[in-house]
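Shown next: coords.txt, given as compact mmCIF, C-alpha atoms and all ligand atoms.
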# COMPACT_ATOMS: atom_id res chain seq x y z
CA MET Q 1 161.29 76.07 61.19
CA GLY Q 2 160.34 79.73 61.63
CA THR Q 3 156.98 81.12 62.64
CA ARG Q 4 156.20 81.99 59.07
CA SER Q 5 156.87 78.50 57.89
CA ILE Q 6 154.88 76.91 60.68
CA LEU Q 7 151.86 79.08 60.09
CA ALA Q 8 151.96 78.67 56.39
CA LEU Q 9 152.40 74.94 56.58
CA LEU Q 10 149.41 74.68 58.88
CA ALA Q 11 147.38 76.93 56.66
CA LEU Q 12 148.19 75.11 53.49
CA SER Q 13 147.69 71.70 54.94
CA LEU Q 14 144.28 72.64 56.25
CA LEU Q 15 143.47 74.47 53.07
CA THR Q 16 143.90 71.45 50.92
CA THR Q 17 141.88 69.41 53.35
CA GLY Q 18 139.12 71.97 53.60
CA CYS Q 19 138.77 72.37 49.85
CA GLY Q 20 138.83 68.69 49.17
CA ILE Q 21 141.27 69.23 46.35
CA GLU Q 22 144.48 67.61 45.43
CA GLN Q 23 147.34 69.90 46.20
CA SER Q 24 149.57 71.09 43.44
CA VAL Q 25 152.34 73.56 44.10
CA PRO Q 26 153.59 76.25 41.75
CA SER Q 27 155.97 74.96 39.17
CA SER Q 28 158.57 77.40 40.42
CA THR Q 29 158.53 75.80 43.85
CA SER Q 30 161.64 73.90 44.70
CA THR Q 31 161.82 71.69 47.72
CA SER Q 32 164.45 69.84 49.62
CA ALA Q 33 161.86 67.73 51.36
CA PRO Q 34 162.77 64.07 51.59
CA ALA Q 35 161.03 61.65 49.29
CA GLY Q 36 157.67 60.65 50.63
CA ALA Q 37 157.27 63.74 52.80
CA TRP Q 38 153.64 64.43 53.54
CA PHE Q 39 154.03 68.16 53.69
CA ILE Q 40 156.35 70.59 51.98
CA ASP Q 41 156.73 74.28 52.71
CA VAL Q 42 155.44 76.27 49.74
CA ALA Q 43 154.45 79.35 51.71
CA GLU Q 44 156.87 81.85 50.28
CA ASN Q 45 156.45 80.82 46.67
CA ALA Q 46 152.69 80.79 47.12
CA GLY Q 47 152.76 84.42 48.25
CA LEU Q 48 152.30 83.90 51.97
CA ASP Q 49 155.07 86.28 52.92
CA PHE Q 50 154.53 86.96 56.58
CA VAL Q 51 156.61 87.07 59.75
CA HIS Q 52 155.02 87.42 63.16
CA PHE Q 53 156.22 90.38 65.21
CA ASN Q 54 156.15 89.96 68.98
CA GLY Q 55 157.13 93.50 69.94
CA MET Q 56 159.88 92.56 72.33
CA SER Q 57 162.29 95.22 73.52
CA GLY Q 58 164.21 93.38 76.20
CA GLU Q 59 161.62 93.77 78.94
CA PHE Q 60 160.37 90.18 78.70
CA TYR Q 61 156.71 91.12 78.69
CA PHE Q 62 154.40 88.18 79.08
CA PRO Q 63 152.58 88.36 75.70
CA GLU Q 64 155.88 88.00 73.85
CA ILE Q 65 155.87 84.27 74.40
CA MET Q 66 152.31 83.71 73.25
CA SER Q 67 152.02 81.95 69.94
CA PRO Q 68 149.75 83.62 67.39
CA GLY Q 69 146.82 82.08 65.58
CA ALA Q 70 145.74 81.86 61.98
CA GLY Q 71 142.37 81.75 60.29
CA LEU Q 72 141.18 79.93 57.19
CA LEU Q 73 138.01 81.34 55.70
CA ASP Q 74 136.44 81.87 52.31
CA TYR Q 75 135.85 85.60 52.73
CA ASP Q 76 135.06 86.20 49.04
CA ASN Q 77 132.80 83.18 48.56
CA ASP Q 78 134.68 81.87 45.54
CA GLY Q 79 135.06 78.38 46.92
CA ASP Q 80 138.66 78.43 48.09
CA LEU Q 81 140.01 79.13 51.54
CA ASP Q 82 141.72 82.43 52.15
CA VAL Q 83 144.14 83.07 55.00
CA TYR Q 84 144.10 85.57 57.83
CA LEU Q 85 147.29 85.83 59.90
CA VAL Q 86 147.25 87.66 63.21
CA GLN Q 87 150.03 90.06 64.07
CA GLY Q 88 151.57 91.50 67.20
CA SER Q 89 152.59 95.06 67.91
CA MET Q 90 155.08 96.94 70.03
CA LEU Q 91 154.68 96.18 73.73
CA GLY Q 92 155.11 98.71 76.51
CA ARG Q 93 153.66 102.17 76.92
CA GLY Q 94 155.49 104.71 74.79
CA ARG Q 95 157.76 102.22 73.11
CA THR Q 96 158.32 102.53 69.38
CA LEU Q 97 159.22 100.14 66.62
CA SER Q 98 162.76 101.49 66.66
CA GLN Q 99 163.17 99.85 70.07
CA ALA Q 100 162.23 96.39 68.87
CA LEU Q 101 164.99 93.85 69.28
CA LEU Q 102 163.83 92.09 66.14
CA PRO Q 103 162.61 94.45 63.43
CA SER Q 104 159.19 94.04 61.91
CA HIS Q 105 159.09 92.40 58.51
CA GLY Q 106 156.83 93.67 55.76
CA PRO Q 107 154.60 96.72 55.53
CA LEU Q 108 154.44 99.12 58.46
CA PRO Q 109 152.90 99.42 60.89
CA PRO Q 110 152.68 95.72 61.64
CA LYS Q 111 149.09 94.49 61.62
CA GLY Q 112 147.04 91.44 60.86
CA ARG Q 113 147.02 90.52 57.20
CA LEU Q 114 144.48 88.96 54.87
CA PHE Q 115 145.67 86.85 51.97
CA ARG Q 116 143.25 86.09 49.15
CA ASN Q 117 143.54 82.65 47.63
CA ASP Q 118 143.96 83.02 43.86
CA LEU Q 119 144.07 79.32 43.15
CA ARG Q 120 144.01 78.72 39.40
CA LEU Q 121 143.23 75.64 37.38
CA GLN Q 122 145.77 75.38 34.59
CA GLY Q 123 145.38 73.97 31.11
CA ASP Q 124 147.02 70.69 32.02
CA GLY Q 125 144.62 70.16 34.89
CA THR Q 126 147.05 71.03 37.65
CA ARG Q 127 146.34 73.73 40.14
CA MET Q 128 148.50 76.76 40.72
CA LEU Q 129 148.39 77.90 44.31
CA ARG Q 130 148.84 81.62 44.78
CA PHE Q 131 147.96 84.05 47.55
CA THR Q 132 147.69 87.82 47.28
CA ASP Q 133 147.97 90.18 50.23
CA VAL Q 134 144.69 92.14 50.14
CA THR Q 135 144.92 93.67 53.61
CA ASP Q 136 144.86 97.27 52.47
CA GLN Q 137 142.00 96.89 50.02
CA SER Q 138 140.03 94.89 52.58
CA ARG Q 139 140.19 97.91 54.92
CA ILE Q 140 141.08 95.63 57.80
CA ASP Q 141 143.09 97.72 60.23
CA ALA Q 142 144.14 95.34 62.98
CA ARG Q 143 146.99 96.99 64.81
CA GLY Q 144 146.29 95.53 68.21
CA TYR Q 145 148.39 92.82 69.81
CA CYS Q 146 146.39 89.95 68.38
CA ILE Q 147 146.43 86.39 69.63
CA GLY Q 148 143.54 84.63 67.92
CA VAL Q 149 140.99 84.89 65.14
CA VAL Q 150 137.49 83.47 64.82
CA ALA Q 151 135.47 83.23 61.61
CA GLY Q 152 131.70 83.01 61.31
CA ASP Q 153 128.71 84.67 59.67
CA ILE Q 154 127.41 86.82 62.51
CA ASP Q 155 124.58 88.45 60.57
CA ASN Q 156 123.48 85.57 58.35
CA ASP Q 157 124.11 87.48 55.13
CA GLY Q 158 126.18 84.67 53.62
CA TRP Q 159 129.52 86.42 54.08
CA ILE Q 160 132.02 85.21 56.67
CA ASP Q 161 132.95 87.76 59.31
CA LEU Q 162 135.99 87.91 61.59
CA TYR Q 163 136.57 88.38 65.28
CA LEU Q 164 140.05 89.09 66.63
CA THR Q 165 141.08 88.39 70.22
CA ASN Q 166 143.72 90.83 71.38
CA PHE Q 167 145.88 91.71 74.32
CA GLY Q 168 143.68 94.77 74.67
CA PRO Q 169 140.30 95.55 73.07
CA ASN Q 170 139.07 92.87 70.69
CA GLN Q 171 137.82 93.59 67.18
CA MET Q 172 134.71 92.46 65.34
CA LEU Q 173 135.06 92.86 61.57
CA ARG Q 174 131.92 92.50 59.50
CA ASN Q 175 132.30 91.41 55.91
CA ASN Q 176 130.63 93.90 53.54
CA GLY Q 177 130.47 91.30 50.76
CA ASP Q 178 132.50 93.42 48.37
CA GLY Q 179 135.98 92.49 49.54
CA THR Q 180 135.97 94.97 52.41
CA PHE Q 181 135.33 94.73 56.13
CA VAL Q 182 134.05 97.26 58.62
CA ASP Q 183 134.93 97.39 62.31
CA VAL Q 184 131.71 97.01 64.32
CA SER Q 185 133.34 96.14 67.63
CA LYS Q 186 131.80 98.88 69.73
CA ARG Q 187 128.37 98.77 68.11
CA ALA Q 188 128.23 95.03 68.60
CA GLY Q 189 129.37 95.32 72.20
CA THR Q 190 132.21 92.93 71.56
CA ASP Q 191 135.25 95.15 72.14
CA ASP Q 192 136.10 93.38 75.38
CA ALA Q 193 139.29 94.90 76.75
CA GLY Q 194 140.68 91.83 78.51
CA TRP Q 195 143.49 89.68 77.26
CA GLY Q 196 141.51 87.64 74.79
CA VAL Q 197 143.22 84.53 73.54
CA SER Q 198 140.55 82.22 72.19
CA GLY Q 199 137.01 82.56 70.97
CA ALA Q 200 134.20 80.64 69.37
CA PHE Q 201 131.05 81.42 67.47
CA LEU Q 202 128.16 79.18 68.45
CA ASP Q 203 124.41 79.38 68.50
CA TYR Q 204 124.06 78.40 72.13
CA ASP Q 205 120.37 79.34 72.37
CA ARG Q 206 119.42 77.96 68.95
CA ASP Q 207 117.73 81.11 67.77
CA GLY Q 208 119.56 81.05 64.43
CA TRP Q 209 122.04 83.79 65.30
CA LEU Q 210 125.64 83.10 66.13
CA ASP Q 211 126.63 83.96 69.67
CA LEU Q 212 130.20 84.57 70.74
CA TYR Q 213 132.33 83.10 73.48
CA VAL Q 214 135.59 84.88 74.26
CA GLY Q 215 138.21 83.24 76.43
CA ASN Q 216 140.27 85.72 78.41
CA TYR Q 217 143.59 84.67 79.80
CA VAL Q 218 144.99 86.53 82.83
CA HIS Q 219 144.90 89.99 84.35
CA TYR Q 220 148.09 91.59 83.18
CA THR Q 221 149.44 94.91 82.03
CA THR Q 222 152.90 95.85 80.92
CA GLU Q 223 152.77 98.68 83.46
CA THR Q 224 152.46 96.25 86.36
CA ASP Q 225 154.99 93.80 84.99
CA ILE Q 226 157.64 92.95 87.59
CA SER Q 227 161.11 91.79 86.73
CA CYS Q 228 162.20 88.77 88.68
CA PRO Q 229 165.94 88.32 88.25
CA GLY Q 230 166.16 86.07 91.28
CA LEU Q 231 164.34 83.36 89.39
CA ALA Q 232 166.76 83.33 86.50
CA PRO Q 233 169.30 80.93 88.05
CA LEU Q 234 166.52 78.40 88.52
CA ILE Q 235 165.60 78.39 84.88
CA THR Q 236 167.86 75.82 83.32
CA ALA Q 237 167.20 73.32 80.65
CA ASN Q 238 166.63 70.69 83.29
CA THR Q 239 164.39 72.58 85.62
CA ILE Q 240 162.29 74.83 83.46
CA ALA Q 241 159.63 72.22 82.93
CA GLN Q 242 159.32 71.76 86.66
CA ILE Q 243 158.84 75.36 87.64
CA ASP Q 244 155.29 75.88 88.71
CA MET Q 245 153.33 78.01 86.31
CA TYR Q 246 151.71 79.86 89.15
CA ALA Q 247 155.06 80.97 90.50
CA ARG Q 248 156.14 82.21 87.13
CA LEU Q 249 152.95 84.11 86.56
CA ARG Q 250 153.14 85.78 89.93
CA CYS Q 251 156.66 86.76 89.09
CA ARG Q 252 155.36 88.56 86.04
CA GLY Q 253 153.15 90.78 88.16
CA ILE Q 254 149.87 89.02 87.61
CA SER Q 255 147.37 89.65 90.33
CA GLN Q 256 145.53 86.36 90.22
CA ARG Q 257 146.13 82.72 89.58
CA PRO Q 258 146.39 81.63 85.97
CA ILE Q 259 143.15 81.35 84.12
CA ALA Q 260 142.39 78.88 81.41
CA ALA Q 261 140.83 80.25 78.28
CA GLY Q 262 139.51 78.04 75.57
CA SER Q 263 142.14 75.49 74.81
CA ILE Q 264 144.70 77.18 77.04
CA ALA Q 265 145.12 75.01 80.11
CA GLY Q 266 146.60 75.80 83.46
CA SER Q 267 148.90 73.48 85.34
CA ARG Q 268 147.49 70.32 86.84
CA ARG Q 269 148.16 71.46 90.34
CA GLN Q 270 146.44 74.77 89.79
CA PRO Q 271 143.05 73.96 88.29
CA SER Q 272 141.96 76.58 85.85
CA ARG Q 273 138.94 78.74 86.39
CA PRO Q 274 137.46 81.40 84.17
CA VAL Q 275 137.54 84.91 85.55
CA ALA Q 276 136.85 87.39 82.83
CA SER Q 277 135.62 85.36 79.91
CA VAL Q 278 132.71 86.74 77.97
CA LEU Q 279 129.63 85.33 76.33
CA ALA Q 280 127.83 87.69 74.00
CA ARG Q 281 124.38 86.77 72.69
CA GLY Q 282 122.66 87.69 69.48
CA LEU Q 283 124.86 89.95 67.38
CA LEU Q 284 123.85 92.55 64.79
CA ARG Q 285 120.21 91.71 64.40
CA CA U 301 138.18 82.51 48.76
CA CA U 302 140.10 82.65 45.31
CA CA U 303 128.27 88.12 57.54
CA CA U 304 122.03 82.54 69.11

Exercise: express the given structure as structure tokens:
Amino acid sequence: MGTRSILALLALSLLTTGCGIEQSVPSSTSTSAPAGAWFIDVAENAGLDFVHFNGMSGEFYFPEIMSPGAGLLDYDNDGDLDVYLVQGSMLGRGRTLSQALLPSHGPLPPKGRLFRNDLRLQGDGTRMLRFTDVTDQSRIDARGYCIGVVAGDIDNDGWIDLYLTNFGPNQMLRNNGDGTFVDVSKRAGTDDAGWGVSGAFLDYDRDGWLDLYVGNYVHYTTETDISCPGLAPLITANTIAQIDMYARLRCRGISQRPIAAGSIAGSRRQPSRPVASVLARGLLR
């Protein structure tokens, strides 16, 4: 199952749960799922046409292997869950899309995309699930190498906002309430430049305003990446699971031990410790 299918399946399964509705797929959807299957892949027919781009060019940069996240949020307050899918970008200073080993799918340049849920109740009572790519009209311009997405109403105006954790500066996108978003990262002081992987909105001081926790992963740049061909013979199907994560990370030119961030855990023998994670209090008052 490809990345697109996995993301879409997760999104749709959570969507139906979150809405509390009985799922009905478009009549044009055909499926080869076995009888009794709990989930079927309706992503493509529902309009969720998306392929993650990891920007690899043969250099084996560390972020290439990081799995991307997805967000479910009702950004237009119409009662159904919309989908935000994070996207990667080309890795390596000066490298262009023409050097990608796997070409980017969809509109260029690759960037995170917002899909509006246009769920419709039909005359016979069934529901037609349909998503529309509204990235351009939303004015979301997320071209960074994104790993995760967090949704929450940071300014208590009733409209869900977005925060993107990137390999590079993060982005805070405030919902204008008219279908568009504006990038307030710098003004909000939340454009942390570390390798953000996870994040959470929480009101940790109970003042009524959402605060933000950002989990940063490790200190790494593509410029300091070190090839380690001597390790290659060790990496076999039988031994790969036994190679110590610390050794592998050092081999990639990382200056410190691995750091856990959010739900990302280090190895058991190398207890995780936060190094550059960020807690921001009281946003956009
Ligand atoms: Ca919606
Ligand atoms: Ca809708
Ligand atoms: Ca808001
Ligand atoms: Ca607070």

Pull the closest atom pair for each residue of chain Q that gets at most 6 Å from ligand CA 302 (chain U), along with the distance in Å to one decimal, counting only C-alpha atoms and all ligand atoms, ordering rows by chain and then ascending residue number, as a tab-separated table.
residue	atom	partner	partner_atom	distance
Q:Asp78	CA	U:CA302	CA	5.5
Q:Asp80	CA	U:CA302	CA	5.3
Q:Asn117	CA	U:CA302	CA	4.1
Q:Asp118	CA	U:CA302	CA	4.1
Q:Leu119	CA	U:CA302	CA	5.6

Return as JSON lines the residues of chain Q lying at most 9 Å from ligand CA 303 (chain U), together with the closest atom-to-atom pair for each and the distance in Å to one decimal, counting only C-alpha atoms and all ligand atoms, with rows in chain order and ascending residue number.
{"residue": "Q:Gly152", "atom": "CA", "partner": "U:CA303", "partner_atom": "CA", "distance": 7.2}
{"residue": "Q:Asp153", "atom": "CA", "partner": "U:CA303", "partner_atom": "CA", "distance": 4.1}
{"residue": "Q:Ile154", "atom": "CA", "partner": "U:CA303", "partner_atom": "CA", "distance": 5.2}
{"residue": "Q:Asp155", "atom": "CA", "partner": "U:CA303", "partner_atom": "CA", "distance": 4.8}
{"residue": "Q:Asn156", "atom": "CA", "partner": "U:CA303", "partner_atom": "CA", "distance": 5.5}
{"residue": "Q:Asp157", "atom": "CA", "partner": "U:CA303", "partner_atom": "CA", "distance": 4.9}
{"residue": "Q:Gly158", "atom": "CA", "partner": "U:CA303", "partner_atom": "CA", "distance": 5.6}
{"residue": "Q:Trp159", "atom": "CA", "partner": "U:CA303", "partner_atom": "CA", "distance": 4.1}
{"residue": "Q:Ile160", "atom": "CA", "partner": "U:CA303", "partner_atom": "CA", "distance": 4.8}
{"residue": "Q:Asp161", "atom": "CA", "partner": "U:CA303", "partner_atom": "CA", "distance": 5.0}
{"residue": "Q:Leu162", "atom": "CA", "partner": "U:CA303", "partner_atom": "CA", "distance": 8.7}
{"residue": "Q:Arg174", "atom": "CA", "partner": "U:CA303", "partner_atom": "CA", "distance": 6.0}
{"residue": "Q:Asn175", "atom": "CA", "partner": "U:CA303", "partner_atom": "CA", "distance": 5.5}
{"residue": "Q:Asn176", "atom": "CA", "partner": "U:CA303", "partner_atom": "CA", "distance": 7.4}
{"residue": "Q:Gly177", "atom": "CA", "partner": "U:CA303", "partner_atom": "CA", "distance": 7.8}

Subject >> Coordinates-based distance that separates CA of Pro110 in chain Q from CA of Asn45 in chain Q (Å, one decimal) >> reply: 21.5 Å

Original post:
Taking (141.8, 82.6, 71.9) in the file's coordinates, which residues come within 10 Å, counting all atoms listed in the file, written as a list in words?
Top reply: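 Neighbouring residues, ordered by chain and number, come to Pro68, Gly69, Cys146, Ile147, Gly148, Val149, Val150, Leu164, Thr165, Asn166, Trp195, Gly196, Val197, Ser198, Gly199, Ala200, Tyr213, Val214, Gly215, Asn216, Tyr217, Ala261, Gly262, Ser263 and Ile264 of chain Q.
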
So that each row is one residue of chain Q with an atom at most 8 Å from ligand CA 304 (chain U), can you give its shortest atom pair and the distance in Å to one decimal, using only C-alpha atoms and all ligand atoms, rows by chain and rising number, as a Markdown table?
| residue | atom | partner | partner_atom | distance |
| --- | --- | --- | --- | --- |
| Q:Leu202 | CA | U:CA304 | CA | 7.0 |
| Q:Asp203 | CA | U:CA304 | CA | 4.0 |
| Q:Tyr204 | CA | U:CA304 | CA | 5.5 |
| Q:Asp205 | CA | U:CA304 | CA | 4.9 |
| Q:Arg206 | CA | U:CA304 | CA | 5.3 |
| Q:Asp207 | CA | U:CA304 | CA | 4.7 |
| Q:Gly208 | CA | U:CA304 | CA | 5.5 |
| Q:Trp209 | CA | U:CA304 | CA | 4.0 |
| Q:Leu210 | CA | U:CA304 | CA | 4.7 |
| Q:Asp211 | CA | U:CA304 | CA | 4.8 |
| Q:Arg281 | CA | U:CA304 | CA | 6.0 |
| Q:Gly282 | CA | U:CA304 | CA | 5.2 |

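Distance-wise, CA of Gly106 in chain Q and CA of Asp82 in chain Q end up 19.2 Å apart.
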
**OP:** Select the residues contacting ligand CA 301 (chain U) at a distance of at most 12 Å, based on all atoms listed in the file, then format the selection as a PyMOL selection string.
**Re:** chain Q and resi 15+18-19+72-84+114-120+130-132+134+159-160+177+179

Using the incomplete input, complete range 142-154 of chain Q to the level of N, CA and C atoms; output as a CSV table (one decimal), in the coordinates of the input.
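What ended up in part_19.csv:
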chain,number,residue,atom,x,y,z
Q,142,ALA,N,144.0,96.1,61.7
Q,142,ALA,CA,144.1,95.3,63.0
Q,142,ALA,C,145.5,95.6,63.5
Q,143,ARG,N,145.7,96.6,64.3
Q,143,ARG,CA,147.0,97.0,64.8
Q,143,ARG,C,147.2,96.6,66.3
Q,144,GLY,N,146.2,96.0,66.8
Q,144,GLY,CA,146.3,95.5,68.2
Q,144,GLY,C,147.3,94.4,68.3
Q,145,TYR,N,147.5,94.0,69.6
Q,145,TYR,CA,148.4,92.8,69.8
Q,145,TYR,C,147.5,91.6,69.8
Q,146,CYS,N,147.4,91.0,68.6
Q,146,CYS,CA,146.4,90.0,68.4
Q,146,CYS,C,146.9,88.6,68.7
Q,147,ILE,N,146.1,87.8,69.3
Q,147,ILE,CA,146.4,86.4,69.6
Q,147,ILE,C,145.7,85.4,68.8
Q,148,GLY,N,144.4,85.6,68.6
Q,148,GLY,CA,143.5,84.6,67.9
Q,148,GLY,C,142.5,85.3,67.0
Q,149,VAL,N,142.0,84.4,66.1
Q,149,VAL,CA,141.0,84.9,65.1
Q,149,VAL,C,139.9,83.8,65.0
Q,150,VAL,N,138.7,84.3,64.9
Q,150,VAL,CA,137.5,83.5,64.8
Q,150,VAL,C,136.7,83.9,63.6
Q,151,ALA,N,136.2,82.9,62.8
Q,151,ALA,CA,135.5,83.2,61.6
Q,151,ALA,C,134.1,82.7,61.7
Q,152,GLY,N,133.1,83.5,61.3
Q,152,GLY,CA,131.7,83.0,61.3
Q,152,GLY,C,130.8,84.1,60.7
Q,153,ASP,N,129.6,83.7,60.3
Q,153,ASP,CA,128.7,84.7,59.7
Q,153,ASP,C,127.8,85.2,60.8
Q,154,ILE,N,128.1,86.3,61.3
Q,154,ILE,CA,127.4,86.8,62.5
Q,154,ILE,C,126.1,87.4,62.2
